[in-house]
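Let me begin by presenting the structure, written as structure tokens, before commenting on it.
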Amino acid sequence: MLNRSLDSLAQAVVGHSLADRELEAEEIMDDPDCDLEGLRRTYQQFVVVNRLVSGWRGVYVHRLRPLLSAERTTTLLDIGSGGGDVPRALAGWAARDGLRLEITAIDPDDRATAYATSLPPVPHLRFRQCFSSDLVREGARFDIVTSNHVLHHLGPQQLDGLLADSTDLARRLVVHDDIARSPLAALGYWVGTLPLHRRGRPHASFVRDDGLLSIRRSYTPDELAAVLPAGWTVGRAPFRVLAVLDVAQNAETPPEASAAAVRGESTTSVRGETAVTTPDGADRA
Ligand SMILES: C[S@@+](CC[C@H](N)C(=O)[O-])C[C@H]1O[C@@H](n2cnc3c(N)ncnc32)[C@H](O)[C@@H]1O
């Protein structure tokens with residue numbers, strides 16, 4: 001009831017219902033002919049947006065840091081790194097904690113790689129222009145594989161490809177972090193980015209338009225659970241949804257989870273609590 005009222009409000013204010021995923025419209029930054037100065041400003045402003053809404057500090061503290069060590073180097077691959085602010089933040093936090101982390105950040109978009117490598121270098125972080133599938137072909141492996149705001153960009157085949165690539169590339173853990181679609185997220189972002197409206201501003205960033213479209217393209221937790229292969233779990237955080245593959249835990253899969261996988265269900269685990277999410281979204285403890 002409340003969600004329906006919020007959706008009507010979002011439809012009136014934002015101009016779109018959030019009830020179903022947007023599958024057709026594409027973001028301005030994905031247009032190869034988009035304004036390059038606008039794109040540069042978009043990468044710049046995504047640093048602030050990601051810091052405020054993407055929750056990577058929590059992912060680092062609760063999911064990644066426990067795997068890192070001060071004596072032994074851990075390797076991490078960030079897929080679809082764009083302007084590179086998330087891998088930069090991860091490298092900085094690990095260094096501050098005295099933990100040895102070597103990060104490879106990849107993106108096939110030459111404009112993203114050019115922007116990321118134009119910024120001052122950060123120790124233990126390198127950028128590379130390639131697809132995740134290129135690394136699979138090379139036989140590369142990393143302890144941890146991450147991505148931020150990539151899942152909602154992809155069509156069904158590309159999503160399957162990314163999940164398969166991450167499974168091949170990760171030795172221990174995969175965390176794909178993305179926005180959770182909701183009318184409240186769209187309304188909040190619409191209000192919060194009002195000062196960034198592009199109308200009448202040459203070379204303005206696309207952060208408002210692309211961010212709003214990203215929310216409309218994103219998954220709800222139940223929708224994500226329905227498209228993840230067996231063995232993957234859905235993590236939830238405020239306004240966020242995470243596709244998680246715990247490779248180490250899967251090696252010792254409990255019988256309940258194995259049975260769920262056979263039935264085509266996915267298991268949801270948040271900080272030690274595990275629930276099984278059926279394809280129709282009903283949770284069973
Ligand atoms: C919205 S951007 C996200 C950028 C950045 N992670 C951020 O949070 O600002 C999504 C990026 O994923 C990249 N991408 C999509 N599929 C990919 C794949 N299979 N391997 C590597 N990068 C990919 C695209 O080129 C695009 O730059």
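Numbering starts fresh at 1 for the residues of each chain in the structure tokens, the chains themselves are lettered A, B, ... in the order given, and ligands are numbered from 1 as they appear.
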Next on the checklist: Taking only C-alpha atoms and all ligand atoms and a cut-off of 8 Å, can you tell me which residues surround ligand 1, written as an MDAnalysis selection string?
Outcome noted: chainID A and resid 29:30 43 46:47 50 78:86 106:109 112 130:133 147:151 153:154 158 161:162 165 214
Selection file, N, CA and C atoms, as an mmCIF file, in the first residue's frame:
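The result, written out as again-v6.cif:
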```cif
data_model
loop_
_atom_site.group_PDB
_atom_site.id
_atom_site.type_symbol
_atom_site.label_atom_id
_atom_site.label_comp_id
_atom_site.auth_asym_id
_atom_site.auth_seq_id
_atom_site.Cartn_x
_atom_site.Cartn_y
_atom_site.Cartn_z
ATOM 1 N N MET A 29 26.213 8.155 -20.634
ATOM 2 C CA MET A 29 27.643 7.811 -20.630
ATOM 3 C C MET A 29 27.933 6.562 -21.477
ATOM 4 N N ASP A 30 26.919 5.783 -21.810
ATOM 5 C CA ASP A 30 27.142 4.610 -22.655
ATOM 6 C C ASP A 30 27.134 4.966 -24.141
ATOM 7 N N TYR A 43 32.389 11.361 -14.268
ATOM 8 C CA TYR A 43 33.317 10.510 -13.498
ATOM 9 C C TYR A 43 33.706 11.222 -12.200
ATOM 10 N N PHE A 46 30.780 11.205 -9.718
ATOM 11 C CA PHE A 46 30.428 9.877 -9.207
ATOM 12 C C PHE A 46 31.242 9.530 -7.957
ATOM 13 N N VAL A 47 32.401 10.192 -7.788
ATOM 14 C CA VAL A 47 33.181 9.966 -6.565
ATOM 15 C C VAL A 47 32.308 10.313 -5.364
ATOM 16 N N ASN A 50 29.156 7.944 -5.155
ATOM 17 C CA ASN A 50 29.526 6.609 -4.668
ATOM 18 C C ASN A 50 29.838 6.634 -3.175
ATOM 19 N N ASP A 78 38.603 -5.403 -9.731
ATOM 20 C CA ASP A 78 37.364 -4.622 -9.802
ATOM 21 C C ASP A 78 36.949 -4.541 -11.267
ATOM 22 N N ILE A 79 35.767 -5.075 -11.572
ATOM 23 C CA ILE A 79 35.292 -5.156 -12.963
ATOM 24 C C ILE A 79 34.414 -3.934 -13.268
ATOM 25 N N GLY A 80 34.661 -3.302 -14.416
ATOM 26 C CA GLY A 80 33.850 -2.138 -14.809
ATOM 27 C C GLY A 80 34.120 -0.964 -13.893
ATOM 28 N N SER A 81 35.401 -0.615 -13.737
ATOM 29 C CA SER A 81 35.799 0.359 -12.704
ATOM 30 C C SER A 81 35.483 1.798 -13.076
ATOM 31 N N GLY A 82 35.110 2.107 -14.314
ATOM 32 C CA GLY A 82 34.735 3.461 -14.704
ATOM 33 C C GLY A 82 35.833 4.454 -14.369
ATOM 34 N N GLY A 83 35.489 5.520 -13.620
ATOM 35 C CA GLY A 83 36.490 6.523 -13.231
ATOM 36 C C GLY A 83 37.445 6.020 -12.156
ATOM 37 N N GLY A 84 37.156 4.882 -11.546
ATOM 38 C CA GLY A 84 38.116 4.214 -10.659
ATOM 39 C C GLY A 84 38.052 4.629 -9.192
ATOM 40 N N ASP A 85 37.006 5.344 -8.774
ATOM 41 C CA ASP A 85 37.013 5.828 -7.387
ATOM 42 C C ASP A 85 36.823 4.706 -6.369
ATOM 43 N N VAL A 86 36.053 3.665 -6.693
ATOM 44 C CA VAL A 86 35.852 2.586 -5.712
ATOM 45 C C VAL A 86 37.166 1.814 -5.483
ATOM 46 N N ILE A 106 39.560 -2.977 -14.083
ATOM 47 C CA ILE A 106 39.437 -3.071 -15.545
ATOM 48 C C ILE A 106 38.145 -2.425 -16.049
ATOM 49 N N ASP A 107 38.245 -1.901 -17.261
ATOM 50 C CA ASP A 107 37.051 -1.395 -17.956
ATOM 51 C C ASP A 107 37.384 -1.408 -19.451
ATOM 52 N N PRO A 108 36.472 -1.911 -20.284
ATOM 53 C CA PRO A 108 36.775 -1.958 -21.730
ATOM 54 C C PRO A 108 36.654 -0.581 -22.392
ATOM 55 N N ASP A 109 36.045 0.384 -21.686
ATOM 56 C CA ASP A 109 35.783 1.703 -22.275
ATOM 57 C C ASP A 109 37.063 2.537 -22.211
ATOM 58 N N ALA A 112 36.970 5.632 -20.044
ATOM 59 C CA ALA A 112 37.064 5.390 -18.593
ATOM 60 C C ALA A 112 38.521 5.157 -18.199
ATOM 61 N N CYS A 130 40.204 -3.653 -20.571
ATOM 62 C CA CYS A 130 39.822 -4.962 -21.112
ATOM 63 C C CYS A 130 38.489 -5.409 -20.507
ATOM 64 N N PHE A 131 37.904 -6.455 -21.090
ATOM 65 C CA PHE A 131 36.695 -7.096 -20.560
ATOM 66 C C PHE A 131 37.102 -8.165 -19.550
ATOM 67 N N SER A 132 36.173 -8.526 -18.669
ATOM 68 C CA SER A 132 36.431 -9.629 -17.748
ATOM 69 C C SER A 132 36.713 -10.916 -18.525
ATOM 70 N N SER A 133 36.040 -11.072 -19.687
ATOM 71 C CA SER A 133 36.234 -12.298 -20.481
ATOM 72 C C SER A 133 37.670 -12.394 -21.020
ATOM 73 N N SER A 147 32.507 -5.478 -8.168
ATOM 74 C CA SER A 147 32.073 -4.462 -9.136
ATOM 75 C C SER A 147 31.104 -3.532 -8.432
ATOM 76 N N ASN A 148 30.991 -2.332 -8.968
ATOM 77 C CA ASN A 148 30.037 -1.354 -8.444
ATOM 78 C C ASN A 148 29.212 -0.794 -9.604
ATOM 79 N N HIS A 149 27.905 -0.889 -9.479
ATOM 80 C CA HIS A 149 26.993 -0.294 -10.472
ATOM 81 C C HIS A 149 27.198 -0.863 -11.877
ATOM 82 N N VAL A 150 27.544 -2.126 -11.968
ATOM 83 C CA VAL A 150 27.719 -2.744 -13.293
ATOM 84 C C VAL A 150 26.497 -3.613 -13.647
ATOM 85 N N LEU A 151 25.944 -4.332 -12.655
ATOM 86 C CA LEU A 151 24.883 -5.300 -12.964
ATOM 87 C C LEU A 151 23.729 -4.674 -13.742
ATOM 88 N N HIS A 153 23.638 -2.326 -15.722
ATOM 89 C CA HIS A 153 24.004 -1.897 -17.073
ATOM 90 C C HIS A 153 23.769 -2.986 -18.109
ATOM 91 N N LEU A 154 23.728 -4.233 -17.645
ATOM 92 C CA LEU A 154 23.868 -5.365 -18.561
ATOM 93 C C LEU A 154 22.531 -5.970 -18.969
ATOM 94 N N GLN A 158 24.656 -10.583 -21.179
ATOM 95 C CA GLN A 158 25.873 -9.965 -20.624
ATOM 96 C C GLN A 158 25.974 -10.245 -19.128
ATOM 97 N N GLY A 161 27.174 -13.658 -18.623
ATOM 98 C CA GLY A 161 28.608 -13.674 -18.952
ATOM 99 C C GLY A 161 29.438 -13.122 -17.799
ATOM 100 N N LEU A 162 28.985 -12.004 -17.222
ATOM 101 C CA LEU A 162 29.743 -11.394 -16.119
ATOM 102 C C LEU A 162 29.783 -12.329 -14.908
ATOM 103 N N ASP A 165 32.114 -15.179 -15.722
ATOM 104 C CA ASP A 165 33.510 -14.706 -15.671
ATOM 105 C C ASP A 165 33.969 -14.556 -14.225
ATOM 106 N N SER A 214 19.789 4.795 -13.881
ATOM 107 C CA SER A 214 20.398 3.612 -13.243
ATOM 108 C C SER A 214 19.449 3.022 -12.206
#
```
Item to check | All residues 9 Å or closer to Asp7 (chain A), only C-alpha atoms, same chain fewer than 3 positions away omitted, as number ranges by chain | outcome: A: 2-4, 10-12, 16-19, 182-184
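Comparing the minimum interatomic distances between Val241 (chain A) and each of A:Val53, A:Ala180, A:Ala70, A:Leu39, counting only C-alpha atoms, we find that A:Ala180 sits nearest.
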Taking 4 positions as the minimum chain separation for residues in the same chain, which residues sit within 7 Å of Leu68 (chain A) when counting only C-alpha atoms? Answer as a short mmCIF file (atom, residue, chain, number, x, y, z; two decimals) with C-alpha atoms, in the first residue's frame.
```cif
data_model
loop_
_atom_site.label_atom_id
_atom_site.label_comp_id
_atom_site.auth_asym_id
_atom_site.auth_seq_id
_atom_site.Cartn_x
_atom_site.Cartn_y
_atom_site.Cartn_z
CA LEU A 64 36.58 -7.83 2.41
CA THR A 74 45.57 -10.57 -1.35
CA LEU A 99 46.91 -4.77 4.96
CA ARG A 100 48.54 -6.00 1.74
#
```
Checklist entry - How far is it from CA of Gly98 (chain A) to CA of Leu76 (chain A), in Å with one decimal? => result 16.0 Å
Item to check | Residue set, region 60-216 of chain A restricted to helix (DSSP H, G or I), as a PyMOL selection string | outcome: chain A and resi 60-67+85-96+110-118+132-138+151-153+156-169+183-192+194-196+207-216
Checklist outcome for this item: Min atom-atom distance to Gly192 (chain A) from the set A:Gln44, A:Gly211, A:Pro121, A:Arg63, counting only C-alpha atoms, belongs to A:Gly211
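Every protein or nucleic acid residue with an atom no more than 9 Å from region 203-208 of chain A, counting only C-alpha atoms and leaving out same-chain residues fewer than 5 positions away, appears here: Glu27, Ile28, Met29, Asp35, Leu36, Glu37, Gly38, Leu39, Arg40, Arg41, Thr42, Tyr43, Gln44, Gln45, Phe46, Val49, Tyr189, Trp190, Thr193, Leu194, Leu196, His197, Arg198 and Leu213 of chain A.
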Only C-alpha atoms, please: the residues just picked out, written as a PDB file, in the first residue's frame.
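Everything below was put into selection_14.pdb:
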```pdb
ATOM      1  CA  GLU A  27      22.555   5.940 -20.079  1.00  0.00           C
ATOM      2  CA  ILE A  28      24.181   8.991 -21.711  1.00  0.00           C
ATOM      3  CA  MET A  29      27.643   7.811 -20.630  1.00  0.00           C
ATOM      4  CA  ASP A  35      30.059  15.014 -24.733  1.00  0.00           C
ATOM      5  CA  LEU A  36      33.559  14.149 -23.424  1.00  0.00           C
ATOM      6  CA  GLU A  37      33.747  17.094 -21.022  1.00  0.00           C
ATOM      7  CA  GLY A  38      30.333  16.104 -19.622  1.00  0.00           C
ATOM      8  CA  LEU A  39      31.616  12.525 -19.235  1.00  0.00           C
ATOM      9  CA  ARG A  40      34.765  13.726 -17.420  1.00  0.00           C
ATOM     10  CA  ARG A  41      32.601  15.709 -14.981  1.00  0.00           C
ATOM     11  CA  THR A  42      30.340  12.678 -14.551  1.00  0.00           C
ATOM     12  CA  TYR A  43      33.317  10.510 -13.498  1.00  0.00           C
ATOM     13  CA  GLN A  44      34.372  13.308 -11.099  1.00  0.00           C
ATOM     14  CA  GLN A  45      30.956  13.637  -9.495  1.00  0.00           C
ATOM     15  CA  PHE A  46      30.428   9.877  -9.207  1.00  0.00           C
ATOM     16  CA  VAL A  49      27.716   9.915  -5.252  1.00  0.00           C
ATOM     17  CA  TYR A 189      18.041  10.951  -5.769  1.00  0.00           C
ATOM     18  CA  TRP A 190      15.727  13.238  -7.756  1.00  0.00           C
ATOM     19  CA  THR A 193      20.594  16.021  -7.427  1.00  0.00           C
ATOM     20  CA  LEU A 194      18.311  18.971  -8.258  1.00  0.00           C
ATOM     21  CA  LEU A 196      22.977  19.145 -10.902  1.00  0.00           C
ATOM     22  CA  HIS A 197      20.220  19.652 -13.490  1.00  0.00           C
ATOM     23  CA  ARG A 198      21.765  19.857 -16.979  1.00  0.00           C
ATOM     24  CA  LEU A 213      18.036   5.941 -15.121  1.00  0.00           C
TER      25      LEU A 213
END
```
Could you write out, as a PDB file with C-alpha atoms, in the first residue's frame, all the residues of region 135-270 of chain A that DSSP marks as strand (DSSP E or B)?
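Contents of the output file part_35.pdb:
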```pdb
ATOM      1  CA  PHE A 142      42.169 -13.164  -8.135  1.00  0.00           C
ATOM      2  CA  ASP A 143      41.320 -13.791  -4.479  1.00  0.00           C
ATOM      3  CA  ILE A 144      38.425 -11.308  -4.568  1.00  0.00           C
ATOM      4  CA  VAL A 145      36.325  -9.989  -7.474  1.00  0.00           C
ATOM      5  CA  THR A 146      34.152  -6.873  -7.086  1.00  0.00           C
ATOM      6  CA  SER A 147      32.073  -4.462  -9.136  1.00  0.00           C
ATOM      7  CA  ASN A 148      30.037  -1.354  -8.444  1.00  0.00           C
ATOM      8  CA  ALA A 170      37.579 -15.600  -8.141  1.00  0.00           C
ATOM      9  CA  ARG A 171      39.386 -17.902  -5.708  1.00  0.00           C
ATOM     10  CA  ARG A 172      37.562 -16.792  -2.552  1.00  0.00           C
ATOM     11  CA  LEU A 173      34.807 -14.161  -2.864  1.00  0.00           C
ATOM     12  CA  VAL A 174      32.782 -12.180  -5.418  1.00  0.00           C
ATOM     13  CA  VAL A 175      30.778  -9.068  -4.444  1.00  0.00           C
ATOM     14  CA  HIS A 176      28.834  -7.240  -7.166  1.00  0.00           C
ATOM     15  CA  ASP A 177      27.300  -4.184  -5.464  1.00  0.00           C
ATOM     16  CA  ASP A 178      24.471  -2.261  -7.088  1.00  0.00           C
ATOM     17  CA  ILE A 179      21.510   0.026  -6.441  1.00  0.00           C
ATOM     18  CA  ALA A 180      18.245  -1.541  -5.218  1.00  0.00           C
ATOM     19  CA  TYR A 219      17.047  -4.873  -9.636  1.00  0.00           C
ATOM     20  CA  THR A 233      23.398 -15.192  -2.522  1.00  0.00           C
ATOM     21  CA  VAL A 234      21.720 -11.802  -2.338  1.00  0.00           C
ATOM     22  CA  GLY A 235      22.998  -9.323   0.246  1.00  0.00           C
ATOM     23  CA  ARG A 236      20.893  -6.337   1.262  1.00  0.00           C
ATOM     24  CA  ALA A 237      21.890  -2.949   2.618  1.00  0.00           C
ATOM     25  CA  ARG A 240      21.638  -1.488  -2.115  1.00  0.00           C
ATOM     26  CA  VAL A 241      21.591  -5.017  -3.395  1.00  0.00           C
ATOM     27  CA  LEU A 242      24.628  -7.301  -3.584  1.00  0.00           C
ATOM     28  CA  ALA A 243      25.242 -10.437  -5.625  1.00  0.00           C
ATOM     29  CA  VAL A 244      27.672 -12.473  -3.535  1.00  0.00           C
ATOM     30  CA  LEU A 245      29.525 -15.690  -4.324  1.00  0.00           C
ATOM     31  CA  ASP A 246      31.428 -17.118  -1.373  1.00  0.00           C
ATOM     32  CA  SER A 266      19.005 -19.084  -4.158  1.00  0.00           C
ATOM     33  CA  THR A 267      20.171 -18.653  -0.577  1.00  0.00           C
ATOM     34  CA  THR A 268      20.322 -15.252   1.075  1.00  0.00           C
ATOM     35  CA  SER A 269      22.948 -14.731   3.755  1.00  0.00           C
ATOM     36  CA  VAL A 270      23.509 -11.519   5.678  1.00  0.00           C
TER      37      VAL A 270
END
```
